[in-house]
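Enquirer: The structure's right below; bear with me while I get my questions together.
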Amino acid sequence: MAAAVAKPVHVRGAQRRAPLPITAVKDPFRALTPSAGANWASRDHHCFDDRSRKSKVLICFMAGYKPELWQYAMPRFSAAATQGDICLVTPGLRSDDLRKHCRTEGWSYLGTAVPDVSLAQNLCYQLHPYASMFVKVDEDMFLLPDTITKLLSQYHAIKADGVVDLGFIAPMMPLNGICYRPLLEMLGLLGDFEHRFGKARSAHAGLPIQDDPKTARWIWEKTAPLSATAEKLGRKPPVHLPCSIRLNIGMIAFERKFWRDVGYLPVNRRRLGAGLTTQGADEEHICGKAVTLSRPGVVTTAALAGHFAFNAQYESMLKLLKRRPKLFSV
């Protein structure tokens with residue numbers, strides 16, 4: 001079946017090629033051996049197109065399952081990913097269409113046989129031994145051109161300051177259980193939010209910010225365009241928010257040493273063998289180990305990224321996307 005080609009998308013006046021939807025393939029994965037020293041948590045049958053330049057920064061873009069977002073999120077990612085090596089990773093599948101897109105963009109591509117996000121990340125990091133800094137971005141994150149640059153600069157500034165020995169850093173994300181309350185306070189929207197949806201508590205789950213489609217729509221409508229919200233935040237000195245609870249890590253940056261210090265990302269082979277989901281295991285592990293090791297995660301207001309939706313909100317947000325595409329394309 002022929003794949004439909006998405007229309008070109010404009011990002012700040014520049015025309016960029018939109019990626020193609022997934023085409024299922026039945027070809028077996030090549031059995032490549034990771035570099036020497038790889039542990040059991042980074043071994044899997046996979047296909048790897050290596051276009052790395054041995055950069056110290058690796059941007060790991062996790063994709064493959066939400067093609068309806070690509071013509072909006074992918075060009076924004078391309079505009080932001082201007083430094084380091086880029087590797088697009090598809091856990092549990094091989095997409096020839098995405099491989100072609102990576103070839104066009106000059107990115108590396110990694111497809112794994114096992115559908116496990118932790119395993120795919122471990123393998124990606126293992127296959128890029130020269131990188132000392134990792135930036136992980138999910139395909140449902142909407143970036144600004146300076147999101148990655150500012151995120152990395154703030155990481156190094158906080159580390160140099162020495163007050164906090166941070167484990168990872170994340171951008172301010174309006175649709176996020178930790179970020180939304182301080183962001184609403186900064187924008188003067190907290191009262192309006194609580195009048196509509198109740199107390200704006202900070203939590204990982206069980207709140208309207210994660211479960212209610214109306215809340216997600218309201219957040220996007222009040223914070224788009226993201227560039228305008230970033231401009232408002234940029235008028236004040238950056239604020240760094242330590243993560244005392246689990247953060248939804250749609251986009252984070254951390255050092256290779258931290259990845260090693262936390263014992264890599266967890267791979268539960270028994271759950272995978274039983275066909276059970278391991279979704280969120282990387283997030284739970286990173287956030288838990290960060291607290292245990294006194295290497296907290298930090299959210300910085302200097303960088304902004306839009307998270308499209310949580311699972312319970314996804315279908316409703318897709319309807320909003322179709323009805324008001326400009327809300328997500330500028």
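A note on labels: chains of the structure tokens are A, B, ... as shown, every chain counts residues from 1, and ligands are counted from 1 in their shown order.
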Just the residues within 10 Å of A:His285, please, counting only C-alpha atoms, with nothing from its chain fewer than 6 positions along; format it as a PyMOL selection string.

Expert: chain A and resi 118+246+262-266

Enquirer: Can you write just those residues out, N, CA and C atoms, as a PDB file, in the first residue's frame?

Expert:
```pdb
ATOM      1  N   SER A 118      13.240   1.616  27.229  1.00  0.00           N
ATOM      2  CA  SER A 118      14.503   1.609  27.972  1.00  0.00           C
ATOM      3  C   SER A 118      15.593   0.898  27.194  1.00  0.00           C
ATOM      4  N   ARG A 246       7.999  12.525  40.817  1.00  0.00           N
ATOM      5  CA  ARG A 246       8.264  11.976  39.486  1.00  0.00           C
ATOM      6  C   ARG A 246       7.815  12.935  38.393  1.00  0.00           C
ATOM      7  N   VAL A 262      23.117   5.492  37.450  1.00  0.00           N
ATOM      8  CA  VAL A 262      21.811   4.940  37.831  1.00  0.00           C
ATOM      9  C   VAL A 262      21.663   3.479  37.387  1.00  0.00           C
ATOM     10  N   GLY A 263      22.728   2.904  36.842  1.00  0.00           N
ATOM     11  CA  GLY A 263      22.695   1.504  36.429  1.00  0.00           C
ATOM     12  C   GLY A 263      22.017   1.275  35.101  1.00  0.00           C
ATOM     13  N   TYR A 264      22.130   2.268  34.184  1.00  0.00           N
ATOM     14  CA  TYR A 264      21.455   2.226  32.889  1.00  0.00           C
ATOM     15  C   TYR A 264      19.944   2.254  33.098  1.00  0.00           C
ATOM     16  N   LEU A 265      19.185   2.131  32.041  1.00  0.00           N
ATOM     17  CA  LEU A 265      17.738   2.131  32.149  1.00  0.00           C
ATOM     18  C   LEU A 265      17.244   0.689  32.287  1.00  0.00           C
ATOM     19  N   PRO A 266      16.204   0.461  33.077  1.00  0.00           N
ATOM     20  CA  PRO A 266      15.806  -0.916  33.414  1.00  0.00           C
ATOM     21  C   PRO A 266      15.128  -1.634  32.253  1.00  0.00           C
TER      22      PRO A 266
END
```

Enquirer: Could you tell me which of A:Ser55, A:Ser95, A:Gln154, A:Ser227 comes closest to A:Leu327 if we count only C-alpha atoms?

Expert: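 Looking only at the distances to A:Leu327, the closest residue turns out to be A:Ser227.
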
Enquirer: As a list in words, please: the residues near stretch 195-209 of chain A (cut-off 6 Å, only C-alpha atoms, same-chain neighbours under 6 positions excluded).

Expert: Gly177, Ile178, Arg181, Thr215 and Arg246 of chain A

Enquirer: Write the selection just made, keeping C-alpha atoms, as a PDB file, in the first residue's frame?

Expert:
```pdb
ATOM      1  CA  GLY A 177       2.123  17.650  36.476  1.00  0.00           C
ATOM      2  CA  ILE A 178       5.104  19.495  37.953  1.00  0.00           C
ATOM      3  CA  ARG A 181       1.267  25.313  38.486  1.00  0.00           C
ATOM      4  CA  THR A 215      -7.870  20.782  30.769  1.00  0.00           C
ATOM      5  CA  ARG A 246       8.264  11.976  39.486  1.00  0.00           C
TER       6      ARG A 246
END
```

Enquirer: Hey, can you check how far atom CA of A:Phe77 sits from atom CA of A:Ala230?

Expert: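 Value for the atom CA of A:Phe77-atom CA of A:Ala230 distance: 16.3 Å.
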
Enquirer: Write out as an NGL selection string the set of residues from stretch 44-179 of chain A that DSSP, computed on the backbone, places in helix (DSSP H, G or I).

Expert: :A and (67-80 or 96-105 or 117-126 or 147-161)

Enquirer: Could those residues be written to a file, using C-alpha atoms, as a PDB file, in the first residue's frame?

Expert:
```
ATOM      1  CA  PRO A  67       2.554   9.678  12.648  1.00  0.00           C
ATOM      2  CA  GLU A  68      -0.427  12.030  12.836  1.00  0.00           C
ATOM      3  CA  LEU A  69       1.774  14.450  14.807  1.00  0.00           C
ATOM      4  CA  TRP A  70       4.847  14.357  12.611  1.00  0.00           C
ATOM      5  CA  GLN A  71       3.978  17.104  10.148  1.00  0.00           C
ATOM      6  CA  TYR A  72       3.668  19.462  13.138  1.00  0.00           C
ATOM      7  CA  ALA A  73       6.259  18.193  15.630  1.00  0.00           C
ATOM      8  CA  MET A  74       8.992  16.935  13.293  1.00  0.00           C
ATOM      9  CA  PRO A  75       9.791  20.246  11.556  1.00  0.00           C
ATOM     10  CA  ARG A  76       9.968  21.947  14.956  1.00  0.00           C
ATOM     11  CA  PHE A  77      12.373  19.265  16.140  1.00  0.00           C
ATOM     12  CA  SER A  78      14.487  19.722  12.994  1.00  0.00           C
ATOM     13  CA  ALA A  79      14.679  23.475  13.600  1.00  0.00           C
ATOM     14  CA  ALA A  80      15.820  22.920  17.197  1.00  0.00           C
ATOM     15  CA  ASP A  96      11.733   2.237   5.979  1.00  0.00           C
ATOM     16  CA  ASP A  97       9.899   5.551   5.574  1.00  0.00           C
ATOM     17  CA  LEU A  98      11.559   6.996   8.664  1.00  0.00           C
ATOM     18  CA  ARG A  99      14.893   5.578   7.554  1.00  0.00           C
ATOM     19  CA  LYS A 100      14.500   7.489   4.292  1.00  0.00           C
ATOM     20  CA  HIS A 101      13.639  10.641   6.204  1.00  0.00           C
ATOM     21  CA  CYS A 102      16.756  10.225   8.339  1.00  0.00           C
ATOM     22  CA  ARG A 103      18.839   9.779   5.222  1.00  0.00           C
ATOM     23  CA  THR A 104      17.410  13.039   3.844  1.00  0.00           C
ATOM     24  CA  GLU A 105      18.082  14.896   7.094  1.00  0.00           C
ATOM     25  CA  VAL A 117      11.810   2.219  25.351  1.00  0.00           C
ATOM     26  CA  SER A 118      14.503   1.609  27.972  1.00  0.00           C
ATOM     27  CA  LEU A 119      16.232  -1.031  25.891  1.00  0.00           C
ATOM     28  CA  ALA A 120      16.111   1.135  22.772  1.00  0.00           C
ATOM     29  CA  GLN A 121      17.635   4.091  24.624  1.00  0.00           C
ATOM     30  CA  ASN A 122      20.353   1.969  26.220  1.00  0.00           C
ATOM     31  CA  LEU A 123      21.285   0.619  22.823  1.00  0.00           C
ATOM     32  CA  CYS A 124      21.259   4.082  21.240  1.00  0.00           C
ATOM     33  CA  TYR A 125      23.567   5.470  23.929  1.00  0.00           C
ATOM     34  CA  GLN A 126      25.833   2.419  23.669  1.00  0.00           C
ATOM     35  CA  THR A 147      14.750  24.779  23.210  1.00  0.00           C
ATOM     36  CA  ILE A 148      17.683  22.369  23.000  1.00  0.00           C
ATOM     37  CA  THR A 149      20.360  25.065  23.001  1.00  0.00           C
ATOM     38  CA  LYS A 150      18.937  26.772  26.082  1.00  0.00           C
ATOM     39  CA  LEU A 151      18.331  23.483  27.865  1.00  0.00           C
ATOM     40  CA  LEU A 152      21.969  22.452  27.510  1.00  0.00           C
ATOM     41  CA  SER A 153      23.335  25.880  28.420  1.00  0.00           C
ATOM     42  CA  GLN A 154      21.243  25.920  31.597  1.00  0.00           C
ATOM     43  CA  TYR A 155      22.410  22.429  32.510  1.00  0.00           C
ATOM     44  CA  HIS A 156      26.048  23.489  32.347  1.00  0.00           C
ATOM     45  CA  ALA A 157      25.337  26.757  34.191  1.00  0.00           C
ATOM     46  CA  ILE A 158      23.614  24.964  37.075  1.00  0.00           C
ATOM     47  CA  LYS A 159      26.364  22.375  37.256  1.00  0.00           C
ATOM     48  CA  ALA A 160      29.079  25.047  37.270  1.00  0.00           C
ATOM     49  CA  ASP A 161      27.265  26.941  40.019  1.00  0.00           C
TER      50      ASP A 161
END
```

Enquirer: In stretch 81-275 of chain A, what's strand (DSSP E) per DSSP? Answer as a PyMOL selection string?

Expert: chain A and resi 85-90+108-112+133-138+141-143+168-172+240-242+251-255

Enquirer: Take the residues from that selection and write them out as a tab-separated table (two decimals), in the first residue's frame, keeping N, CA and C atoms.

Expert:
```tsv
chain	number	residue	atom	x	y	z
A	85	ASP	N	25.03	15.03	17.36
A	85	ASP	CA	24.54	13.94	16.54
A	85	ASP	C	23.07	13.70	16.85
A	86	ILE	N	22.30	13.31	15.82
A	86	ILE	CA	20.88	13.04	15.98
A	86	ILE	C	20.62	11.61	15.56
A	87	CYS	N	19.91	10.87	16.42
A	87	CYS	CA	19.54	9.51	16.10
A	87	CYS	C	18.04	9.34	16.36
A	88	LEU	N	17.29	9.01	15.30
A	88	LEU	CA	15.87	8.73	15.44
A	88	LEU	C	15.73	7.26	15.78
A	89	VAL	N	15.00	6.96	16.86
A	89	VAL	CA	14.89	5.61	17.38
A	89	VAL	C	13.44	5.15	17.35
A	90	THR	N	13.19	3.97	16.80
A	90	THR	CA	11.85	3.38	16.78
A	90	THR	C	11.88	2.07	17.55
A	108	SER	N	21.13	9.68	12.05
A	108	SER	CA	21.24	8.24	12.22
A	108	SER	C	19.85	7.67	12.48
A	109	TYR	N	19.71	6.39	12.23
A	109	TYR	CA	18.43	5.71	12.49
A	109	TYR	C	18.69	4.41	13.22
A	110	LEU	N	17.89	4.15	14.25
A	110	LEU	CA	17.99	2.89	14.99
A	110	LEU	C	16.59	2.31	15.18
A	111	GLY	N	16.39	1.11	14.67
A	111	GLY	CA	15.14	0.38	14.89
A	111	GLY	C	15.44	-0.88	15.66
A	112	THR	N	14.68	-1.15	16.71
A	112	THR	CA	14.94	-2.32	17.54
A	112	THR	C	13.83	-3.36	17.36
A	133	MET	N	26.93	13.72	26.52
A	133	MET	CA	25.68	14.38	26.92
A	133	MET	C	24.55	13.88	26.04
A	134	PHE	N	23.46	13.46	26.67
A	134	PHE	CA	22.30	12.95	25.94
A	134	PHE	C	21.11	13.90	26.09
A	135	VAL	N	20.38	14.09	24.99
A	135	VAL	CA	19.09	14.80	25.02
A	135	VAL	C	18.06	13.84	24.46
A	136	LYS	N	17.08	13.44	25.29
A	136	LYS	CA	16.04	12.52	24.84
A	136	LYS	C	14.75	13.30	24.60
A	137	VAL	N	14.18	13.15	23.38
A	137	VAL	CA	12.97	13.87	23.00
A	137	VAL	C	11.95	12.88	22.46
A	138	ASP	N	10.72	12.95	22.96
A	138	ASP	CA	9.65	12.10	22.43
A	138	ASP	C	8.97	12.76	21.24
A	141	MET	N	6.50	15.90	21.48
A	141	MET	CA	6.98	17.16	22.04
A	141	MET	C	7.13	18.20	20.93
A	142	PHE	N	6.66	19.42	21.20
A	142	PHE	CA	6.69	20.52	20.24
A	142	PHE	C	7.73	21.53	20.72
A	143	LEU	N	8.83	21.64	19.99
A	143	LEU	CA	9.97	22.45	20.42
A	143	LEU	C	9.97	23.81	19.75
A	168	PHE	N	19.45	15.42	35.96
A	168	PHE	CA	18.95	15.71	34.62
A	168	PHE	C	18.24	17.05	34.63
A	169	ILE	N	18.01	17.59	33.45
A	169	ILE	CA	17.31	18.86	33.31
A	169	ILE	C	16.20	18.69	32.27
A	170	ALA	N	15.11	19.41	32.48
A	170	ALA	CA	13.97	19.36	31.56
A	170	ALA	C	13.50	20.78	31.29
A	171	PRO	N	12.88	21.01	30.15
A	171	PRO	CA	12.33	22.34	29.88
A	171	PRO	C	11.00	22.53	30.60
A	172	MET	N	10.54	23.76	30.67
A	172	MET	CA	9.21	24.03	31.16
A	172	MET	C	8.21	23.49	30.15
A	240	HIS	N	14.81	27.80	38.36
A	240	HIS	CA	15.13	26.38	38.30
A	240	HIS	C	14.33	25.65	39.37
A	241	LEU	N	13.46	24.77	38.95
A	241	LEU	CA	12.54	24.07	39.85
A	241	LEU	C	13.04	22.65	40.09
A	242	PRO	N	13.49	22.32	41.32
A	242	PRO	CA	13.90	20.94	41.60
A	242	PRO	C	12.70	20.00	41.59
A	251	MET	N	10.90	15.20	27.54
A	251	MET	CA	12.17	15.74	27.05
A	251	MET	C	13.08	16.00	28.24
A	252	ILE	N	14.24	15.39	28.25
A	252	ILE	CA	15.22	15.62	29.30
A	252	ILE	C	16.63	15.55	28.71
A	253	ALA	N	17.58	16.09	29.47
A	253	ALA	CA	18.99	16.01	29.09
A	253	ALA	C	19.78	15.55	30.31
A	254	PHE	N	20.75	14.68	30.08
A	254	PHE	CA	21.57	14.18	31.18
A	254	PHE	C	22.90	13.69	30.62
A	255	GLU	N	23.86	13.51	31.51
A	255	GLU	CA	25.19	13.08	31.09
A	255	GLU	C	25.29	11.56	31.02
```

Enquirer: Please report the interatomic distance between atom CA of A:Ala303 and atom CA of A:Trp259 in Å with one decimal.

Expert: 22.2 Å

Enquirer: What does the structure give for the distance between atom CA of A:Lys322 and atom CA of A:Tyr65, in Å to one decimal?

Expert: 18.1 Å

Enquirer: Ranking A:Gly297, A:Gly106, A:Leu175, A:Pro238 by minimum distance to A:Asp211 and counting only C-alpha atoms, which one comes first?

Expert: A:Leu175

Enquirer: When distances are computed from only C-alpha atoms, which of A:Leu247, A:Arg323, A:Arg235, A:Gly306 shows the smallest separation from A:Leu144?

Expert: A:Gly306
